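S.K.: structure-v9.pdb is the file, holding PDB, C-alpha atoms:
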ATOM      1  CA  MET I   1     162.336-179.438 -30.001
ATOM      2  CA  LYS I   2     165.653-179.384 -31.870
ATOM      3  CA  VAL I   3     165.192-179.295 -35.657
ATOM      4  CA  ALA I   4     167.627-179.464 -38.580
ATOM      5  CA  VAL I   5     166.079-177.681 -41.573
ATOM      6  CA  LEU I   6     167.332-178.915 -44.944
ATOM      7  CA  LEU I   7     167.336-176.230 -47.647
ATOM      8  CA  GLY I   8     168.976-175.607 -51.006
ATOM      9  CA  GLY I   9     170.091-178.879 -52.575
ATOM     10  CA  THR I  10     171.044-179.633 -56.159
ATOM     11  CA  SER I  11     167.777-179.494 -58.116
ATOM     12  CA  ALA I  12     166.436-176.778 -60.421
ATOM     13  CA  GLU I  13     164.253-175.735 -57.471
ATOM     14  CA  ARG I  14     167.269-174.874 -55.292
ATOM     15  CA  ASP I  15     166.348-171.183 -54.916
ATOM     16  CA  VAL I  16     162.762-172.063 -54.019
ATOM     17  CA  SER I  17     163.983-174.489 -51.368
ATOM     18  CA  ILE I  18     166.213-171.840 -49.806
ATOM     19  CA  ALA I  19     163.263-169.446 -49.603
ATOM     20  CA  SER I  20     161.084-172.151 -48.005
ATOM     21  CA  GLY I  21     163.747-173.289 -45.562
ATOM     22  CA  GLY I  22     164.494-169.747 -44.438
ATOM     23  CA  GLN I  23     160.856-169.106 -43.603
ATOM     24  CA  VAL I  24     160.570-172.443 -41.768
ATOM     25  CA  LEU I  25     163.629-171.575 -39.673
ATOM     26  CA  LYS I  26     162.085-168.263 -38.604
ATOM     27  CA  ALA I  27     158.704-169.851 -37.895
ATOM     28  CA  LEU I  28     160.087-172.645 -35.723
ATOM     29  CA  ARG I  29     162.303-170.244 -33.801
ATOM     30  CA  ALA I  30     159.278-168.018 -33.228
ATOM     31  CA  ARG I  31     157.572-171.008 -31.585
ATOM     32  CA  GLY I  32     160.535-171.453 -29.234
ATOM     33  CA  HIS I  33     162.258-174.348 -31.010
ATOM     34  CA  GLU I  34     165.982-174.645 -31.675
ATOM     35  CA  ALA I  35     166.299-174.744 -35.479
ATOM     36  CA  VAL I  36     169.470-174.780 -37.573
ATOM     37  CA  ALA I  37     169.985-174.621 -41.353
ATOM     38  CA  VAL I  38     171.685-177.388 -43.335
ATOM     39  CA  ASP I  39     172.388-177.092 -47.064
ATOM     40  CA  PRO I  40     173.188-180.579 -48.422
ATOM     41  CA  VAL I  41     175.940-179.163 -50.653
ATOM     42  CA  VAL I  42     177.578-177.139 -47.836
ATOM     43  CA  GLY I  43     176.654-178.815 -44.559
ATOM     44  CA  LEU I  44     175.651-177.035 -41.367
ATOM     45  CA  LEU I  45     175.446-173.277 -42.015
ATOM     46  CA  ASP I  46     176.884-170.818 -39.537
ATOM     47  CA  SER I  47     174.937-167.616 -38.838
ATOM     48  CA  ALA I  48     176.763-165.589 -41.511
ATOM     49  CA  GLU I  49     176.259-168.249 -44.203
ATOM     50  CA  GLU I  50     172.640-168.648 -43.192
ATOM     51  CA  TRP I  51     171.965-164.912 -43.509
ATOM     52  CA  ARG I  52     173.713-164.689 -46.894
ATOM     53  CA  VAL I  53     171.918-167.682 -48.411
ATOM     54  CA  ILE I  54     168.439-166.988 -47.080
ATOM     55  CA  ASN I  55     168.352-163.305 -48.007
ATOM     56  CA  ARG I  56     169.351-163.845 -51.629
ATOM     57  CA  GLY I  57     165.782-164.380 -52.870
ATOM     58  CA  VAL I  58     164.406-166.435 -55.777
ATOM     59  CA  ALA I  59     165.738-165.502 -59.222
ATOM     60  CA  ALA I  60     163.402-165.088 -62.184
ATOM     61  CA  GLU I  61     164.844-168.261 -63.754
ATOM     62  CA  PRO I  62     166.001-171.511 -62.114
ATOM     63  CA  PRO I  63     169.762-172.137 -61.727
ATOM     64  CA  ASP I  64     171.429-173.451 -64.878
ATOM     65  CA  GLU I  65     172.067-177.158 -65.165
ATOM     66  CA  ALA I  66     175.856-176.775 -65.447
ATOM     67  CA  THR I  67     176.001-175.013 -62.072
ATOM     68  CA  LEU I  68     173.791-177.620 -60.450
ATOM     69  CA  ALA I  69     175.838-180.476 -61.929
ATOM     70  CA  ARG I  70     178.906-179.275 -60.009
ATOM     71  CA  MET I  71     177.077-179.593 -56.684
ATOM     72  CA  SER I  72     177.138-182.709 -54.520
ATOM     73  CA  TYR I  73     175.284-184.115 -51.502
ATOM     74  CA  ALA I  74     178.596-185.301 -50.044
ATOM     75  CA  PRO I  75     178.544-182.835 -47.083
ATOM     76  CA  LEU I  76     175.050-183.996 -46.073
ATOM     77  CA  LEU I  77     175.966-187.674 -46.392
ATOM     78  CA  HIS I  78     179.033-187.026 -44.232
ATOM     79  CA  LEU I  79     176.815-185.486 -41.534
ATOM     80  CA  ILE I  80     174.481-188.476 -41.645
ATOM     81  CA  THR I  81     177.171-191.168 -41.557
ATOM     82  CA  THR I  82     179.194-189.499 -38.803
ATOM     83  CA  GLY I  83     176.231-188.985 -36.492
ATOM     84  CA  GLY I  84     175.929-185.257 -37.122
ATOM     85  CA  PHE I  85     172.144-185.435 -36.783
ATOM     86  CA  SER I  86     172.063-187.557 -33.637
ATOM     87  CA  SER I  87     171.214-184.620 -31.378
ATOM     88  CA  PHE I  88     168.210-183.476 -33.432
ATOM     89  CA  ASP I  89     164.655-184.536 -32.696
ATOM     90  CA  VAL I  90     163.552-184.253 -36.327
ATOM     91  CA  ILE I  91     164.864-183.279 -39.742
ATOM     92  CA  PHE I  92     162.628-180.799 -41.556
ATOM     93  CA  ASN I  93     162.983-181.564 -45.247
ATOM     94  CA  GLY I  94     162.664-178.204 -46.958
ATOM     95  CA  LEU I  95     164.200-179.423 -50.224
ATOM     96  CA  HIS I  96     162.277-179.318 -53.504
ATOM     97  CA  GLY I  97     162.747-181.519 -56.556
ATOM     98  CA  GLY I  98     165.546-183.892 -57.486
ATOM     99  CA  SER I  99     167.020-186.310 -54.975
ATOM    100  CA  GLY I 100     165.628-184.293 -52.069
ATOM    101  CA  GLU I 101     162.041-185.016 -53.086
ATOM    102  CA  ASP I 102     162.105-188.136 -55.279
ATOM    103  CA  GLY I 103     162.668-190.673 -52.476
ATOM    104  CA  ARG I 104     166.440-191.108 -52.604
ATOM    105  CA  LEU I 105     167.185-188.870 -49.620
ATOM    106  CA  GLN I 106     164.200-190.316 -47.754
ATOM    107  CA  ALA I 107     165.631-193.828 -48.221
ATOM    108  CA  VAL I 108     168.980-192.729 -46.772
ATOM    109  CA  LEU I 109     167.270-191.116 -43.779
ATOM    110  CA  ASP I 110     165.217-194.283 -43.231
ATOM    111  CA  LEU I 111     168.383-196.405 -43.227
ATOM    112  CA  ALA I 112     169.935-194.024 -40.709
ATOM    113  CA  GLN I 113     166.731-194.210 -38.605
ATOM    114  CA  LEU I 114     166.387-190.434 -38.602
ATOM    115  CA  PRO I 115     162.853-188.982 -38.324
ATOM    116  CA  TYR I 116     162.028-186.516 -41.104
ATOM    117  CA  THR I 117     159.084-184.514 -42.339
ATOM    118  CA  GLY I 118     156.997-185.432 -45.352
ATOM    119  CA  SER I 119     156.347-188.652 -47.198
ATOM    120  CA  GLY I 120     158.420-191.832 -47.176
ATOM    121  CA  SER I 121     160.809-192.962 -49.889
ATOM    122  CA  LEU I 122     158.413-195.036 -52.012
ATOM    123  CA  ALA I 123     155.564-192.516 -51.910
ATOM    124  CA  SER I 124     157.963-189.659 -52.669
ATOM    125  CA  GLY I 125     159.350-191.463 -55.717
ATOM    126  CA  VAL I 126     155.919-192.363 -57.057
ATOM    127  CA  ALA I 127     154.567-188.832 -56.557
ATOM    128  CA  MET I 128     157.562-187.309 -58.349
ATOM    129  CA  ASP I 129     156.897-189.583 -61.341
ATOM    130  CA  LYS I 130     153.890-187.954 -63.036
ATOM    131  CA  ASP I 131     153.156-191.034 -65.159
ATOM    132  CA  PHE I 132     152.988-193.316 -62.096
ATOM    133  CA  SER I 133     150.944-190.744 -60.199
ATOM    134  CA  LYS I 134     148.367-190.379 -62.955
ATOM    135  CA  ARG I 135     147.964-194.148 -63.171
ATOM    136  CA  LEU I 136     147.206-194.275 -59.438
ATOM    137  CA  PHE I 137     144.861-191.278 -59.674
ATOM    138  CA  SER I 138     142.899-193.130 -62.344
ATOM    139  CA  GLN I 139     142.742-196.268 -60.202
ATOM    140  CA  ALA I 140     141.401-194.161 -57.312
ATOM    141  CA  SER I 141     138.755-192.540 -59.579
ATOM    142  CA  VAL I 142     140.469-189.152 -59.370
ATOM    143  CA  PRO I 143     140.089-187.593 -62.853
ATOM    144  CA  THR I 144     143.348-186.533 -64.525
ATOM    145  CA  PRO I 145     144.081-185.199 -68.038
ATOM    146  CA  ASP I 146     144.770-187.776 -70.757
ATOM    147  CA  TRP I 147     148.470-188.325 -71.368
ATOM    148  CA  ILE I 148     151.063-190.307 -73.276
ATOM    149  CA  MET I 149     154.758-190.819 -72.660
ATOM    150  CA  GLY I 150     157.444-189.858 -75.135
ATOM    151  CA  PRO I 151     159.102-190.532 -77.419
ATOM    152  CA  CYS I 152     156.253-190.211 -79.883
ATOM    153  CA  ASP I 153     155.520-188.739 -83.280
ATOM    154  CA  VAL I 154     153.983-185.274 -83.247
ATOM    155  CA  ARG I 155     151.105-186.476 -85.419
ATOM    156  CA  ASP I 156     150.275-189.263 -82.980
ATOM    157  CA  ALA I 157     150.470-186.846 -80.030
ATOM    158  CA  VAL I 158     148.139-184.322 -81.657
ATOM    159  CA  ALA I 159     145.719-187.037 -82.785
ATOM    160  CA  SER I 160     145.578-188.405 -79.240
ATOM    161  CA  LEU I 161     145.679-185.218 -77.170
ATOM    162  CA  GLY I 162     144.776-182.358 -79.511
ATOM    163  CA  LEU I 163     146.204-178.850 -79.470
ATOM    164  CA  PRO I 164     147.277-177.099 -77.388
ATOM    165  CA  LEU I 165     149.045-179.831 -75.460
ATOM    166  CA  VAL I 166     151.435-179.786 -72.517
ATOM    167  CA  VAL I 167     154.982-181.091 -72.920
ATOM    168  CA  LYS I 168     156.929-181.481 -69.681
ATOM    169  CA  PRO I 169     159.597-183.504 -67.881
ATOM    170  CA  ASN I 170     158.060-186.535 -66.213
ATOM    171  CA  LYS I 171     159.952-186.003 -62.953
ATOM    172  CA  GLN I 172     160.338-182.284 -62.289
ATOM    173  CA  GLY I 173     158.570-179.569 -60.316
ATOM    174  CA  SER I 174     157.772-175.848 -60.452
ATOM    175  CA  THR I 175     156.869-176.173 -64.168
ATOM    176  CA  VAL I 176     160.606-176.269 -64.985
ATOM    177  CA  GLY I 177     161.009-177.406 -68.603
ATOM    178  CA  LEU I 178     157.268-177.222 -69.321
ATOM    179  CA  THR I 179     155.777-175.944 -72.587
ATOM    180  CA  VAL I 180     152.153-175.418 -73.586
ATOM    181  CA  LEU I 181     152.445-176.269 -77.271
ATOM    182  CA  SER I 182     150.054-174.606 -79.717
ATOM    183  CA  GLU I 183     152.024-175.063 -82.937
ATOM    184  CA  VAL I 184     153.277-178.410 -84.232
ATOM    185  CA  GLU I 185     156.353-176.668 -85.658
ATOM    186  CA  ARG I 186     157.621-176.109 -82.092
ATOM    187  CA  PHE I 187     157.135-179.737 -81.033
ATOM    188  CA  ARG I 188     160.812-180.720 -81.237
ATOM    189  CA  ASP I 189     161.925-177.612 -79.327
ATOM    190  CA  ALA I 190     159.411-178.354 -76.556
ATOM    191  CA  VAL I 191     160.537-181.972 -76.277
ATOM    192  CA  ASP I 192     164.217-181.000 -76.281
ATOM    193  CA  LEU I 193     163.578-178.481 -73.495
ATOM    194  CA  ALA I 194     161.863-181.139 -71.385
ATOM    195  CA  TYR I 195     164.727-183.565 -71.961
ATOM    196  CA  GLU I 196     167.168-180.969 -70.607
ATOM    197  CA  HIS I 197     165.601-181.558 -67.184
ATOM    198  CA  ASP I 198     164.729-185.262 -67.182
ATOM    199  CA  ASP I 199     165.291-188.522 -69.037
ATOM    200  CA  GLU I 200     161.543-188.957 -69.637
ATOM    201  CA  VAL I 201     158.995-186.653 -71.264
ATOM    202  CA  LEU I 202     155.258-186.656 -70.639
ATOM    203  CA  LEU I 203     152.708-185.193 -73.060
ATOM    204  CA  GLU I 204     149.343-184.229 -71.595
ATOM    205  CA  ARG I 205     146.033-182.865 -72.828
ATOM    206  CA  PHE I 206     145.797-179.158 -72.034
ATOM    207  CA  ILE I 207     142.790-178.362 -69.861
ATOM    208  CA  PRO I 208     141.500-174.802 -70.337
ATOM    209  CA  GLY I 209     139.916-173.090 -67.368
ATOM    210  CA  ARG I 210     140.835-172.203 -63.808
ATOM    211  CA  GLU I 211     143.770-173.322 -61.632
ATOM    212  CA  LEU I 212     142.747-174.660 -58.210
ATOM    213  CA  THR I 213     144.772-176.116 -55.360
ATOM    214  CA  VAL I 214     144.170-177.637 -51.941
ATOM    215  CA  GLY I 215     146.496-178.420 -49.055
ATOM    216  CA  VAL I 216     146.407-181.656 -47.089
ATOM    217  CA  LEU I 217     147.651-181.785 -43.491
ATOM    218  CA  GLY I 218     147.637-185.107 -41.710
ATOM    219  CA  ASP I 219     144.453-186.688 -43.009
ATOM    220  CA  GLU I 220     142.527-183.447 -43.531
ATOM    221  CA  ALA I 221     141.949-181.480 -46.725
ATOM    222  CA  LEU I 222     142.316-177.759 -46.032
ATOM    223  CA  THR I 223     140.906-174.715 -47.843
ATOM    224  CA  VAL I 224     140.641-174.680 -51.640
ATOM    225  CA  GLY I 225     142.378-171.787 -53.395
ATOM    226  CA  GLU I 226     142.499-170.382 -56.912
ATOM    227  CA  ILE I 227     145.625-169.179 -58.709
ATOM    228  CA  ILE I 228     145.328-166.552 -61.445
ATOM    229  CA  PRO I 229     148.691-166.144 -63.260
ATOM    230  CA  GLN I 230     149.583-162.604 -64.327
ATOM    231  CA  PHE I 231     152.625-163.178 -66.551
ATOM    232  CA  SER I 232     151.325-166.027 -68.744
ATOM    233  CA  ASP I 233     148.377-168.342 -69.310
ATOM    234  CA  ILE I 234     149.789-170.955 -66.921
ATOM    235  CA  PHE I 235     151.205-170.913 -63.402
ATOM    236  CA  ASP I 236     154.823-171.096 -64.578
ATOM    237  CA  TYR I 237     158.118-170.620 -62.705
ATOM    238  CA  LYS I 238     158.115-166.825 -63.051
ATOM    239  CA  SER I 239     154.458-166.578 -62.012
ATOM    240  CA  LYS I 240     155.116-168.749 -58.966
ATOM    241  CA  TYR I 241     158.132-166.972 -57.533
ATOM    242  CA  GLN I 242     158.262-163.354 -58.687
ATOM    243  CA  ASP I 243     156.365-160.489 -57.057
ATOM    244  CA  GLY I 244     153.065-159.876 -58.799
ATOM    245  CA  GLY I 245     153.303-163.102 -60.767
ATOM    246  CA  ALA I 246     149.916-164.415 -59.664
ATOM    247  CA  VAL I 247     146.783-163.525 -57.756
ATOM    248  CA  GLU I 248     146.037-166.252 -55.200
ATOM    249  CA  ILE I 249     142.562-166.331 -53.695
ATOM    250  CA  PHE I 250     141.795-168.326 -50.514
ATOM    251  CA  PRO I 251     139.115-169.492 -50.278
ATOM    252  CA  ALA I 252     138.494-169.822 -54.005
ATOM    253  CA  GLU I 253     135.381-168.091 -55.273
ATOM    254  CA  ILE I 254     133.724-171.252 -56.543
ATOM    255  CA  PRO I 255     130.453-173.029 -55.706
ATOM    256  CA  ASP I 256     130.459-175.038 -52.481
ATOM    257  CA  ASP I 257     129.888-178.328 -54.301
ATOM    258  CA  ILE I 258     132.973-177.812 -56.484
ATOM    259  CA  ALA I 259     135.094-176.886 -53.446
ATOM    260  CA  ALA I 260     133.884-180.041 -51.719
ATOM    261  CA  ARG I 261     134.869-182.140 -54.752
ATOM    262  CA  VAL I 262     138.333-180.560 -54.834
ATOM    263  CA  ARG I 263     138.840-181.470 -51.162
ATOM    264  CA  GLU I 264     137.497-184.990 -51.773
ATOM    265  CA  TYR I 265     139.711-185.571 -54.797
ATOM    266  CA  GLY I 266     142.715-183.943 -53.081
ATOM    267  CA  LEU I 267     142.464-186.285 -50.119
ATOM    268  CA  ALA I 268     141.883-189.255 -52.438
ATOM    269  CA  ALA I 269     144.994-188.378 -54.455
ATOM    270  CA  HIS I 270     147.052-187.985 -51.249
ATOM    271  CA  ARG I 271     145.902-191.407 -50.070
ATOM    272  CA  ALA I 272     146.306-193.094 -53.481
ATOM    273  CA  LEU I 273     150.000-192.174 -53.475
ATOM    274  CA  LYS I 274     150.334-193.167 -49.774
ATOM    275  CA  LEU I 275     151.619-189.711 -48.902
ATOM    276  CA  ARG I 276     152.390-188.797 -45.301
ATOM    277  CA  GLY I 277     152.324-185.659 -43.200
ATOM    278  CA  TYR I 278     151.324-183.036 -45.711
ATOM    279  CA  SER I 279     150.993-182.302 -49.417
ATOM    280  CA  ARG I 280     149.404-179.934 -51.898
ATOM    281  CA  VAL I 281     147.259-181.192 -54.772
ATOM    282  CA  ASP I 282     146.704-179.120 -57.924
ATOM    283  CA  PHE I 283     143.706-179.147 -60.257
ATOM    284  CA  ARG I 284     142.235-177.550 -63.359
ATOM    285  CA  LEU I 285     138.531-176.692 -63.496
ATOM    286  CA  ASP I 286     137.308-176.599 -67.101
ATOM    287  CA  PRO I 287     134.472-174.390 -68.419
ATOM    288  CA  GLU I 288     132.022-177.314 -68.103
ATOM    289  CA  GLY I 289     132.731-177.617 -64.380
ATOM    290  CA  ARG I 290     134.850-180.776 -64.656
ATOM    291  CA  LEU I 291     137.865-181.180 -62.388
ATOM    292  CA  PHE I 292     141.202-182.681 -63.452
ATOM    293  CA  CYS I 293     144.008-183.496 -61.014
ATOM    294  CA  LEU I 294     147.382-182.372 -62.352
ATOM    295  CA  GLU I 295     149.717-183.594 -59.610
ATOM    296  CA  ALA I 296     150.361-183.972 -55.901
ATOM    297  CA  ASN I 297     153.319-182.114 -54.394
ATOM    298  CA  THR I 298     154.977-183.983 -51.527
ATOM    299  CA  LEU I 299     157.229-181.055 -50.541
ATOM    300  CA  PRO I 300     155.297-177.935 -51.585
ATOM    301  CA  GLY I 301     156.666-174.439 -51.079
ATOM    302  CA  LEU I 302     156.694-173.295 -47.468
ATOM    303  CA  THR I 303     157.200-169.581 -47.453
ATOM    304  CA  ALA I 304     154.459-167.680 -45.667
ATOM    305  CA  ALA I 305     153.246-166.585 -49.124
ATOM    306  CA  SER I 306     153.217-170.116 -50.600
ATOM    307  CA  LEU I 307     150.043-171.944 -51.511
ATOM    308  CA  LEU I 308     149.994-174.599 -48.774
ATOM    309  CA  PRO I 309     150.465-172.043 -45.962
ATOM    310  CA  LYS I 310     147.716-169.905 -47.516
ATOM    311  CA  SER I 311     145.428-172.952 -47.660
ATOM    312  CA  ALA I 312     146.219-173.612 -43.993
ATOM    313  CA  ALA I 313     145.811-169.952 -42.969
ATOM    314  CA  ALA I 314     142.335-169.873 -44.510
ATOM    315  CA  ALA I 315     141.544-172.908 -42.340
ATOM    316  CA  GLY I 316     142.719-171.035 -39.223
ATOM    317  CA  ILE I 317     146.257-172.462 -39.002
ATOM    318  CA  THR I 318     149.081-169.907 -38.734
ATOM    319  CA  PHE I 319     152.355-170.472 -40.566
ATOM    320  CA  PRO I 320     154.411-171.143 -37.395
ATOM    321  CA  GLU I 321     151.698-173.550 -36.212
ATOM    322  CA  LEU I 322     151.733-175.291 -39.606
ATOM    323  CA  CYS I 323     155.508-175.830 -39.439
ATOM    324  CA  GLU I 324     155.233-177.115 -35.874
ATOM    325  CA  ARG I 325     152.417-179.499 -36.773
ATOM    326  CA  ILE I 326     154.412-180.849 -39.721
ATOM    327  CA  CYS I 327     157.245-181.660 -37.291
ATOM    328  CA  GLY I 328     154.782-183.318 -34.919
ATOM    329  CA  LEU I 329     153.405-185.508 -37.705
ATOM    330  CA  ALA I 330     156.972-186.558 -38.573
ATOM    331  CA  LEU I 331     157.684-187.566 -34.992
ATOM    332  CA  GLU I 332     154.456-189.586 -34.868
ATOM    333  CA  ALA I 333     155.383-191.340 -38.112
ATOM    334  CA  GLY I 334     158.873-192.088 -36.798
ATOM    335  CA  THR I 335     157.464-193.660 -33.655
ATOM    336  CA  HIS I 336     155.115-195.774 -35.740
ATOM    337  CA  ARG I 337     157.941-196.955 -38.023
ATOM    338  CA  ARG I 338     160.144-197.939 -35.058
ATOM    339  CA  ALA I 339     157.245-199.917 -33.550
ATOM    340  CA  PHE I 340     157.228-202.110 -36.652
ATOM    341  CA  GLY I 341     160.953-202.636 -36.819
TER
END
What's the structure tokens form of this structure?
M.R.:
Amino acid sequence: MKVAVLLGGTSAERDVSIASGGQVLKALRARGHEAVAVDPVVGLLDSAEEWRVINRGVAAEPPDEATLARMSYAPLLHLITTGGFSSFDVIFNGLHGGSGEDGRLQAVLDLAQLPYTGSGSLASGVAMDKDFSKRLFSQASVPTPDWIMGPCDVRDAVASLGLPLVVKPNKQGSTVGLTVLSEVERFRDAVDLAYEHDDEVLLERFIPGRELTVGVLGDEALTVGEIIPQFSDIFDYKSKYQDGGAVEIFPAEIPDDIAARVREYGLAAHRALKLRGYSRVDFRLDPEGRLFCLEANTLPGLTAASLLPKSAAAAGITFPELCERICGLALEAGTHRRAFG
């Protein structure tokens, strides 16, 4: 199988995407596939560029917005429009956040009739929009924390959601721009930070308790895991991507009935958003044993140490096998789409 692995991109999660894409490249090559790296802002990487980019690592903070604003998808669009992907069997979308995850790139690939991993354009856009997602979770009877959309008065937000409350960009990943607000005096700063990363801000009831997650592969919920952040009270950007930032336990040390509910709700959330191929669904478990779905990730991290691969490994699926199966699901989906025009 010949695979083009997309990595990097122009979102705040650029470094995370490079780390994921580099691991996917190695895994697919280990399974005997021909895999090449493509950064949308550079194009096809030669071996020297690939080594330099992949071995840089994830910084403690995401790239600054000014740097990202100077980047463009023009090299990737040129490859697509000039037939640069015609020799590949599948495009492995290792991008995270922004136009690589929100459905825009998926729509372009659909128009070009190029098979790619992950969810389609509509599902990707809906899943990236936390407000839309939470509405669909509620319709599917998947519990999710109460929320309101900004702009709003701090008094109305506190009256509705209490303190602490979560202030975050509506369409962003990796907790970029997120604040757990405990003091009303910091409300404007939290909102301004969220607006630096998106044009919409979501305010959400903070759920105390434990952080749980479950991977979905195909139409199967995998092993439930627990994340215990070490640098802060939440699983923030630093906790996610720096050594020692979190303890991740697979399988989670929780009662069997709670694990079963996490898998049930995770699969229900995946289906409610019409996701495809794979995803990772995150939850909070409060002290009363109630579960709340936070979000579904359509392009979760894919380093060997990331949460989805750990969920798969605990279910007996190695990382190279996981990457290969994700490609296989993409090819199946592409065949199905062509059958219907």
S.K.: What's the separation between atom CA of Glu332 of chain I and atom CA of Val5 of chain I, in Å to one decimal place?
M.R.: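 Computing it gives 17.9 Å between the two atoms.
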S.K.: Quick check on the file I pasted: which residues fall under the PyMOL selection byres ((chain I and resi 35-49) around 9)? Write them as a PyMOL selection string.
M.R.: chain I and resi 1-10+18+21-22+24-26+28-29+33-34+50-54+71-79
S.K.: What does the PyMOL selection byres ((chain I and resi 187-191) around 8) select in this file, as a PyMOL selection string?
M.R.: chain I and resi 154+167-168+178-179+181+183-186+192-195+201
S.K.: Find the residues around His96 of chain I up to 7 Å (all atoms listed in the file counted), leave out those fewer than 3 positions away in its own chain, and share them as a list in words.
M.R.: Glu13, Arg14, Ser17, Gly100, Glu101 and Leu299 of chain I
S.K.: Go through I:Leu329, I:Val214, I:Val142, I:Met149 and flag the residue nearest Phe92 of chain I, using all atoms listed in the file for the distances.
M.R.: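 Comparing I:Leu329, I:Val214, I:Val142, I:Met149 against Phe92 of chain I, the winner is I:Leu329.
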S.K.: Measure the distance from atom CA of Val262 of chain I to atom CA of Glu200 of chain I in Å and round it to one decimal.
M.R.: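 These atoms are spaced 28.8 Å apart.
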S.K.: For Leu202 of chain I, please output as a list in words all residues within 8 Å (counting only C-alpha atoms; exclusion window: fewer than 6 positions along the same chain).
M.R.: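 Residues near the query, excluding close chain neighbours: Lys130, Asp131, Trp147, Ile148, Met149, Gly150, Val167, Lys168, Pro169 and Asn170 of chain I.
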S.K.: Applying 6 Å and all atoms listed in the file, which residues near Thr213 of chain I remain after dropping the ones on its own chain fewer than 4 positions away? List them as a VMD selection string.
M.R.: chain I and resid 224 to 225 281 to 283
S.K.: For the file shown, report as a VMD selection string the outcome of the PyMOL selection byres ((chain I and resi 250-257) around 8) at residue level.
M.R.: chain I and resid 212 223 to 226 248 to 249 258 to 261 310 to 311 314
S.K.: For the selection just defined, write its residues with C-alpha atoms to a file, as a PDB file, keeping the file's coordinate frame.
M.R.:
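The new file result_20.pdb reads:
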ATOM      1  CA  LEU I 212     142.747-174.660 -58.210  1.00  0.00           C
ATOM      2  CA  THR I 223     140.906-174.715 -47.843  1.00  0.00           C
ATOM      3  CA  VAL I 224     140.641-174.680 -51.640  1.00  0.00           C
ATOM      4  CA  GLY I 225     142.378-171.787 -53.395  1.00  0.00           C
ATOM      5  CA  GLU I 226     142.499-170.382 -56.912  1.00  0.00           C
ATOM      6  CA  GLU I 248     146.037-166.252 -55.200  1.00  0.00           C
ATOM      7  CA  ILE I 249     142.562-166.331 -53.695  1.00  0.00           C
ATOM      8  CA  ILE I 258     132.973-177.812 -56.484  1.00  0.00           C
ATOM      9  CA  ALA I 259     135.094-176.886 -53.446  1.00  0.00           C
ATOM     10  CA  ALA I 260     133.884-180.041 -51.719  1.00  0.00           C
ATOM     11  CA  ARG I 261     134.869-182.140 -54.752  1.00  0.00           C
ATOM     12  CA  LYS I 310     147.716-169.905 -47.516  1.00  0.00           C
ATOM     13  CA  SER I 311     145.428-172.952 -47.660  1.00  0.00           C
ATOM     14  CA  ALA I 314     142.335-169.873 -44.510  1.00  0.00           C
TER      15      ALA I 314
END
S.K.: Using only C-alpha atoms, which residues sit within 8 Å of His270 of chain I once same-chain residues fewer than 5 positions away are excluded, as a PyMOL selection string?
M.R.: chain I and resi 216+275+279+281+296
S.K.: In Å, how far is it from atom CA of Asn297 of chain I to atom CA of Arg280 of chain I?
M.R.: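 A separation of 5.1 Å between them.
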S.K.: Between I:Thr298, I:Thr144, I:Thr82, I:Thr318, which has the minimum distance to Gly103 of chain I (counting all atoms listed in the file)?
M.R.: I:Thr298
S.K.: Please identify every residue of segment 186-280 of chain I that has at least one atom no farther than 6 Å from an atom of segment 115-128 of chain I, counting only C-alpha atoms, and for each give the shortest atom pair and the distance in Å to one decimal, arranged by chain then increasing number, as CSV.
M.R.:
residue,atom,partner,partner_atom,distance
I:Leu273,CA,I:Ala123,CA,5.8
I:Lys274,CA,I:Ala123,CA,5.7
I:Leu275,CA,I:Ser119,CA,5.1
I:Arg276,CA,I:Ser119,CA,4.4
I:Gly277,CA,I:Gly118,CA,5.1
S.K.: Give the answer as one residue: which of I:Gly266, I:Gly215, I:Gly98, I:Gly209 has the shortest atom-to-atom distance to Glu288 of chain I, using all atoms listed in the file?
M.R.: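 Result for the nearest residue to Glu288 of chain I: I:Gly209.
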S.K.: When you count only C-alpha atoms, which of these residues is closest to Ser11 of chain I: I:Ala107, I:Val176, I:Leu217, I:Leu203?
M.R.: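 Of all the options, I:Val176 lies closest to Ser11 of chain I.
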